[in-house]
Amino acid sequence: MSSEGASHPPADVGRGWLGKADLWAGVATVMFAASTLYISADYGLGRAGRIGAGYVPLVIGLLLLGLGALLLIRAGRSREPVDTQIAWRPLLLVIGGIVTFALLLDRAGLLVAIVATVIVAGPAAYGNTVLSLVISGIILSAFSWTLFVHFLKIAIPVWWF
Amino acid sequence: MELFGQLAFGFEQALTPQNLLFCFIGALIGTLVGVLPGLGPVATIAMLLPITFTLPPVAALIMLAGLYYGAQYGGSTTAILVNIPGESSSVVTCLDGHAMARRGRAGAALAIAALGSFFAGTVATFIIAIFSGPLVWIASTFQSPDYFGLMIFGLIAAVVLAQGSVVRSIVMVLVGLMLGLVGTDITTGQSRFTFGIPQLSEGISFVALAMGLFGVGEVIANLARTFGKPEVQPVTSLWPNREEARRATPAVLRGTVIGSLLGVLPGGGALIASFGAYVIEKKWSRRPEEFGNGAVEGVAAPEAANNAGAQTSFIPLLTLGLPSNAVMALMLAAMTIHGIVPGPKLMVERPDLFWAMIASMWIGNLMLVIINLPLIRIWVMLLNVPYRWLYLAILVFCCIGAYSVNNSTFDVMVMALFGVVGYLLPKIGCEPAPLILGVILAPHIEENFRRSLVVSRGSWWIFLERPVCAGFLLVSVLFMIAVLLPAISKGREEAFRE
């Protein structure tokens, strides 16, 4: 899965061979297949009638490797362009907001985590000001507490103590 | 008349005040989220799954089904009034529904959509009740190789019938299958792809993965576009006039039939049903030039079809344990969380749950009509909430949802990772839906594959010796050949372009 994320196309690729969706899908597939095959190499294939933990990963990995190669080959005559427009600001801020939530929840509790998440992820959309984000964060905290903690009684740390 | 006895039994189970309440809440929240643009049914159900955790299983499933139909129906409201598909299966409703709204017939379009959906839902409820028995009977004769063949067929058919490149979709299925193997192998006890992380020993959290791919990915993609303030068409009279009703009725009937058929197919469900119904209406119409300019049939048929399809797509899940699309994969995950294993045994071992769920589908549909038409002004108000506030609420609920499945902040991180993947995959032309199917089916496919090889002492011939399995595999191969033939693949592309 990490190979999927790592192999997104650079922003400067042109319309030629490098600009084809199939090429980048093929690169991602081959990398994913190769890394899973490498990791699962010592899982054990078992013997006839009692297959080991590595049998199915090997079959899937080889199929993926083959299809990845097929994508690379057909990229030459494919006409479908890759989309190189990556919206870095929303991507980083939204993911940053979620990571903030994950890091703060156990340490600072739900209410603080929500306000922090909103403040981190908020600037992803234009028009949000710091004040409006603090207010939205507090409203969302209050609403989430009422719904999830008070009514639904979901086990979640509310405070830092 | 056994059928009516069973349905009556189901209604007896479903019609408790508590279940009615949860059915109502589900339909209400589903509509609310469905009306909001940019959040499809998969993300909606995943996000709201934690709400059902503390409920008894029957109530939880009834509520989830209500959520699904609600999300479906809410999408049409947005499509008609604002020309933004609230979710993918209402894309075609935009064409004629919004054109009708522009001519001042918004109320009529909404009423036709609601009543058509209700009619289709009623028929689909009976279809599920009628066909479940025989299917369960057939499925009860299946052995491991047959299940293996069935699941391979399900995956291939889902890929072939869905939109986009077949090769890349198969890659997505295989990547999903690999991700589904993460964790401790049940038979050998060996850890696979866990990188020594204890939280991965029970596998990747399916809910976190689905929310990341569909919810977070969609949020990022939506933020990348600029949103203007939506222009909402005013709603006047809710009643279609005589002419509109006369034209809508046969279209609803045709849409129901087409939707029910297409919904059962793997990869089918609401989306393909509404597209199919629209294309057929347009081809058969004596006034094809009206389509796109507010043809009543162009609203009635796809709306009936997507509701019928949404419902009949429960058939393979409830009888065979085979999820045919991403929403059903999530339903399967939800059932597993509540300790229910869908499949042929469900109807025999938990008839209360099985029939209650079928009865609740009809109740849910009735509630949608009741909720939607009188409350239409509230939904319109909701459309005026700016996206820059909305997505913050979506993110917070996704975080809480991902955490609450296993009480684990690690799962929130998993969601963040798949959010990145979900945003980037469409950029290289890959759809996340087949991946989800692969993830949920991986353990089942491996188990049946393994059992088959135990029986055959390691020979792959067993998959061709059992006629049922061989049949499934043969049809899968034919599907693959068909789709790779240039002539047919061109026709398929055209069908999706409509």
# chains A, B, ... in the order shown; residues from 1 in each chain; ligands from 1
>>> interface_residues(of="chain A", to="chain B", cutoff="6 Å", atoms="only C-alpha atoms", output="list in words")
Gly5, Ala21, Ala25, Ala48, Gly49, Arg50, Val82, Asp83, Ala87, Pro90, Leu91, Ile95, Ala102 and Ala125 of chain A
>>> select_by_dssp(residues="segment 18-126 of chain A", states="helix (DSSP H, G or I)", output="PyMOL selection string")
chain A and resi 18-19+21-42+55-77+88-108+110-124
>>> closest_residue(among="B:Ile337, B:Leu485, B:Ile394, B:Ile436", to="Gly215 of chain B", atoms="only C-alpha atoms")
B:Ile394
>>> residues_around(residues="Leu346 of chain B", least_positions_apart="2", cutoff="12 Å", atoms="only C-alpha atoms", output="list in words")
Ser132, Gly133, Val136, Trp137, Ala139, Ser140, Leu317, Leu318, Thr319, Leu320, Gly321, Met335, Gly339, Ile340, Val341, Pro342, Gly343, Pro344, Val348, Glu349, Arg350, Pro351, Asp352, Leu353, Phe354, Trp355 and Met357 of chain B
>>> write_last_selection(atoms="C-alpha atoms", output="compact mmCIF listing (two decimals), in the first residue's frame")
# COMPACT_ATOMS: atom_id res chain seq x y z
CA SER B 132 -34.30 -15.88 -1.33
CA GLY B 133 -35.77 -19.29 -0.48
CA VAL B 136 -30.64 -20.42 -0.17
CA TRP B 137 -31.65 -23.95 -1.13
CA ALA B 139 -26.48 -22.39 -2.00
CA SER B 140 -26.86 -25.01 0.71
CA LEU B 317 -25.41 -10.89 0.22
CA LEU B 318 -28.23 -12.36 2.29
CA THR B 319 -28.45 -15.71 0.48
CA LEU B 320 -24.89 -16.41 -0.68
CA GLY B 321 -22.83 -14.17 1.57
CA MET B 335 -23.02 -7.65 10.05
CA GLY B 339 -21.74 -11.22 15.01
CA ILE B 340 -23.96 -12.12 12.06
CA VAL B 341 -22.62 -14.22 9.19
CA PRO B 342 -24.65 -13.63 6.03
CA GLY B 343 -25.04 -16.59 3.72
CA PRO B 344 -27.29 -19.61 3.27
CA VAL B 348 -32.23 -21.07 8.60
CA GLU B 349 -30.50 -20.09 11.81
CA ARG B 350 -31.76 -16.55 12.26
CA PRO B 351 -35.12 -16.40 10.44
CA ASP B 352 -36.20 -13.60 12.78
CA LEU B 353 -33.35 -11.41 11.61
CA PHE B 354 -33.64 -12.39 7.97
CA TRP B 355 -37.34 -11.69 7.61
CA MET B 357 -34.67 -7.13 7.60
>>> atom_distance(atom1="atom CA of Arg377 of chain B", atom2="atom CA of Ala300 of chain B")
21.5 Å
>>> atom_distance(atom1="atom CA of Leu131 of chain A", atom2="atom CA of Val158 of chain A")
23.3 Å
>>> residues_around(residues="segment 40-44 of chain B", least_positions_apart="5", cutoff="7 Å", atoms="only C-alpha atoms", output="number ranges by chain")
B: 33-34, 68, 71-72, 86-87, 211, 214-215, 326-327
>>> residues_around(residues="Leu111 of chain A", least_positions_apart="6", cutoff="8 Å", atoms="only C-alpha atoms", output="list in words")
Ile138, Ser141, Ala142, Trp145, Val158 and Trp159 of chain A
>>> select_by_dssp(residues="chain A", states="strand (DSSP E or B)", output="PyMOL selection string")
chain A and resi 20+46-47+50-51+81
>>> decode(residues="segment 7-153 of chain A", atoms="C-alpha atoms", output="tab-separated table (two decimals), in the first residue's frame")
chain	number	residue	atom	x	y	z
A	7	SER	CA	4.59	6.43	-6.80
A	8	HIS	CA	2.29	9.26	-7.71
A	9	PRO	CA	3.47	11.00	-10.86
A	10	PRO	CA	5.66	14.07	-10.57
A	11	ALA	CA	3.91	17.29	-11.55
A	12	ASP	CA	6.13	18.03	-14.52
A	13	VAL	CA	5.38	15.02	-16.74
A	14	GLY	CA	4.33	15.92	-20.24
A	15	ARG	CA	1.87	14.44	-22.67
A	16	GLY	CA	4.23	11.76	-23.98
A	17	TRP	CA	4.84	8.27	-22.66
A	18	LEU	CA	5.38	9.69	-19.18
A	19	GLY	CA	1.95	11.31	-19.16
A	20	LYS	CA	-0.03	8.06	-19.48
A	21	ALA	CA	-2.24	6.81	-16.64
A	22	ASP	CA	-1.36	3.21	-17.54
A	23	LEU	CA	2.35	3.84	-17.09
A	24	TRP	CA	1.98	5.12	-13.54
A	25	ALA	CA	-0.63	2.51	-12.64
A	26	GLY	CA	1.81	-0.10	-14.00
A	27	VAL	CA	4.74	1.29	-12.00
A	28	ALA	CA	2.65	1.35	-8.81
A	29	THR	CA	1.40	-2.20	-9.47
A	30	VAL	CA	4.86	-3.64	-10.12
A	31	MET	CA	6.26	-1.96	-7.02
A	32	PHE	CA	3.37	-3.17	-4.88
A	33	ALA	CA	3.65	-6.71	-6.28
A	34	ALA	CA	7.44	-6.83	-5.87
A	35	SER	CA	7.34	-5.63	-2.28
A	36	THR	CA	4.59	-8.08	-1.27
A	37	LEU	CA	6.42	-10.95	-3.00
A	38	TYR	CA	9.61	-9.97	-1.17
A	39	ILE	CA	7.90	-9.72	2.23
A	40	SER	CA	5.95	-12.97	1.82
A	41	ALA	CA	8.92	-14.93	0.41
A	42	ASP	CA	9.55	-16.79	3.67
A	43	TYR	CA	5.91	-17.37	4.70
A	44	GLY	CA	6.08	-20.98	3.51
A	45	LEU	CA	4.17	-22.55	0.66
A	46	GLY	CA	3.20	-25.69	2.57
A	47	ARG	CA	2.82	-28.97	0.75
A	48	ALA	CA	0.22	-30.59	-1.47
A	49	GLY	CA	-3.15	-30.62	0.26
A	50	ARG	CA	-2.03	-28.32	3.07
A	51	ILE	CA	-1.04	-24.97	1.65
A	52	GLY	CA	1.01	-22.61	3.78
A	53	ALA	CA	0.56	-18.96	4.62
A	54	GLY	CA	2.64	-17.89	1.63
A	55	TYR	CA	0.75	-19.76	-1.09
A	56	VAL	CA	-2.06	-17.30	-1.81
A	57	PRO	CA	0.18	-14.19	-1.46
A	58	LEU	CA	2.52	-15.78	-4.02
A	59	VAL	CA	-0.31	-16.44	-6.49
A	60	ILE	CA	-1.75	-12.91	-6.10
A	61	GLY	CA	1.71	-11.33	-6.21
A	62	LEU	CA	2.60	-13.10	-9.45
A	63	LEU	CA	-0.73	-12.17	-11.04
A	64	LEU	CA	-0.17	-8.54	-10.04
A	65	LEU	CA	3.35	-8.60	-11.42
A	66	GLY	CA	2.02	-9.89	-14.74
A	67	LEU	CA	-0.78	-7.31	-14.94
A	68	GLY	CA	1.61	-4.54	-13.92
A	69	ALA	CA	3.89	-5.53	-16.79
A	70	LEU	CA	0.88	-5.58	-19.14
A	71	LEU	CA	-0.03	-2.03	-18.07
A	72	LEU	CA	3.54	-0.86	-18.68
A	73	ILE	CA	3.58	-2.40	-22.15
A	74	ARG	CA	0.22	-1.05	-23.24
A	75	ALA	CA	1.00	2.43	-21.86
A	76	GLY	CA	2.82	3.07	-25.14
A	77	ARG	CA	-0.37	3.09	-27.20
A	78	SER	CA	-2.77	4.23	-24.47
A	79	ARG	CA	-4.37	7.61	-24.92
A	80	GLU	CA	-5.58	8.11	-21.37
A	81	PRO	CA	-3.55	10.88	-19.66
A	82	VAL	CA	-2.52	10.81	-16.03
A	83	ASP	CA	-3.94	13.56	-13.82
A	84	THR	CA	-0.94	15.38	-12.42
A	85	GLN	CA	-2.88	18.10	-10.64
A	86	ILE	CA	-2.37	17.32	-6.99
A	87	ALA	CA	-4.07	19.67	-4.55
A	88	TRP	CA	-1.30	19.70	-2.00
A	89	ARG	CA	-2.94	22.16	0.37
A	90	PRO	CA	-6.17	20.17	1.00
A	91	LEU	CA	-4.26	16.88	0.88
A	92	LEU	CA	-1.69	17.81	3.52
A	93	LEU	CA	-4.04	19.77	5.77
A	94	VAL	CA	-6.85	17.19	5.76
A	95	ILE	CA	-4.45	14.32	6.40
A	96	GLY	CA	-2.66	16.48	8.99
A	97	GLY	CA	-5.97	17.09	10.74
A	98	ILE	CA	-6.72	13.37	10.95
A	99	VAL	CA	-3.22	12.57	12.21
A	100	THR	CA	-3.64	15.34	14.82
A	101	PHE	CA	-6.83	13.66	16.00
A	102	ALA	CA	-5.11	10.27	16.24
A	103	LEU	CA	-2.16	11.70	18.19
A	104	LEU	CA	-4.19	13.83	20.59
A	105	LEU	CA	-7.17	11.59	21.38
A	106	ASP	CA	-5.46	9.34	23.93
A	107	ARG	CA	-3.37	12.18	25.37
A	108	ALA	CA	-5.77	15.14	25.49
A	109	GLY	CA	-9.22	13.60	25.07
A	110	LEU	CA	-11.99	13.95	22.52
A	111	LEU	CA	-12.91	17.60	23.00
A	112	VAL	CA	-9.40	19.00	22.64
A	113	ALA	CA	-8.66	16.61	19.76
A	114	ILE	CA	-11.70	17.82	17.81
A	115	VAL	CA	-10.86	21.51	18.24
A	116	ALA	CA	-7.24	20.85	17.21
A	117	THR	CA	-8.32	18.79	14.18
A	118	VAL	CA	-10.64	21.53	13.02
A	119	ILE	CA	-7.94	24.18	13.39
A	120	VAL	CA	-5.37	22.08	11.48
A	121	ALA	CA	-7.72	20.96	8.68
A	122	GLY	CA	-9.70	24.20	8.47
A	123	PRO	CA	-7.36	26.25	6.26
A	124	ALA	CA	-7.76	23.58	3.54
A	125	ALA	CA	-10.85	25.51	2.40
A	126	TYR	CA	-10.61	29.18	1.54
A	127	GLY	CA	-12.79	31.48	3.61
A	128	ASN	CA	-12.26	29.87	7.02
A	129	THR	CA	-10.78	32.28	9.56
A	130	VAL	CA	-9.10	31.33	12.84
A	131	LEU	CA	-12.04	32.66	14.83
A	132	SER	CA	-14.63	30.78	12.74
A	133	LEU	CA	-12.56	27.61	13.11
A	134	VAL	CA	-12.31	27.89	16.89
A	135	ILE	CA	-16.08	28.39	17.05
A	136	SER	CA	-16.77	25.46	14.66
A	137	GLY	CA	-14.39	23.32	16.71
A	138	ILE	CA	-16.23	24.07	19.93
A	139	ILE	CA	-19.65	23.48	18.35
A	140	LEU	CA	-18.48	20.17	16.84
A	141	SER	CA	-16.99	19.10	20.20
A	142	ALA	CA	-20.22	19.83	22.00
A	143	PHE	CA	-22.29	18.06	19.35
A	144	SER	CA	-20.00	15.00	19.25
A	145	TRP	CA	-20.00	14.74	23.03
A	146	THR	CA	-23.80	14.92	23.17
A	147	LEU	CA	-24.29	12.36	20.40
A	148	PHE	CA	-21.47	9.87	20.88
A	149	VAL	CA	-20.68	10.09	24.60
A	150	HIS	CA	-23.98	11.10	26.16
A	151	PHE	CA	-26.53	9.30	23.98
A	152	LEU	CA	-24.62	6.47	22.29
A	153	LYS	CA	-22.26	5.84	25.21
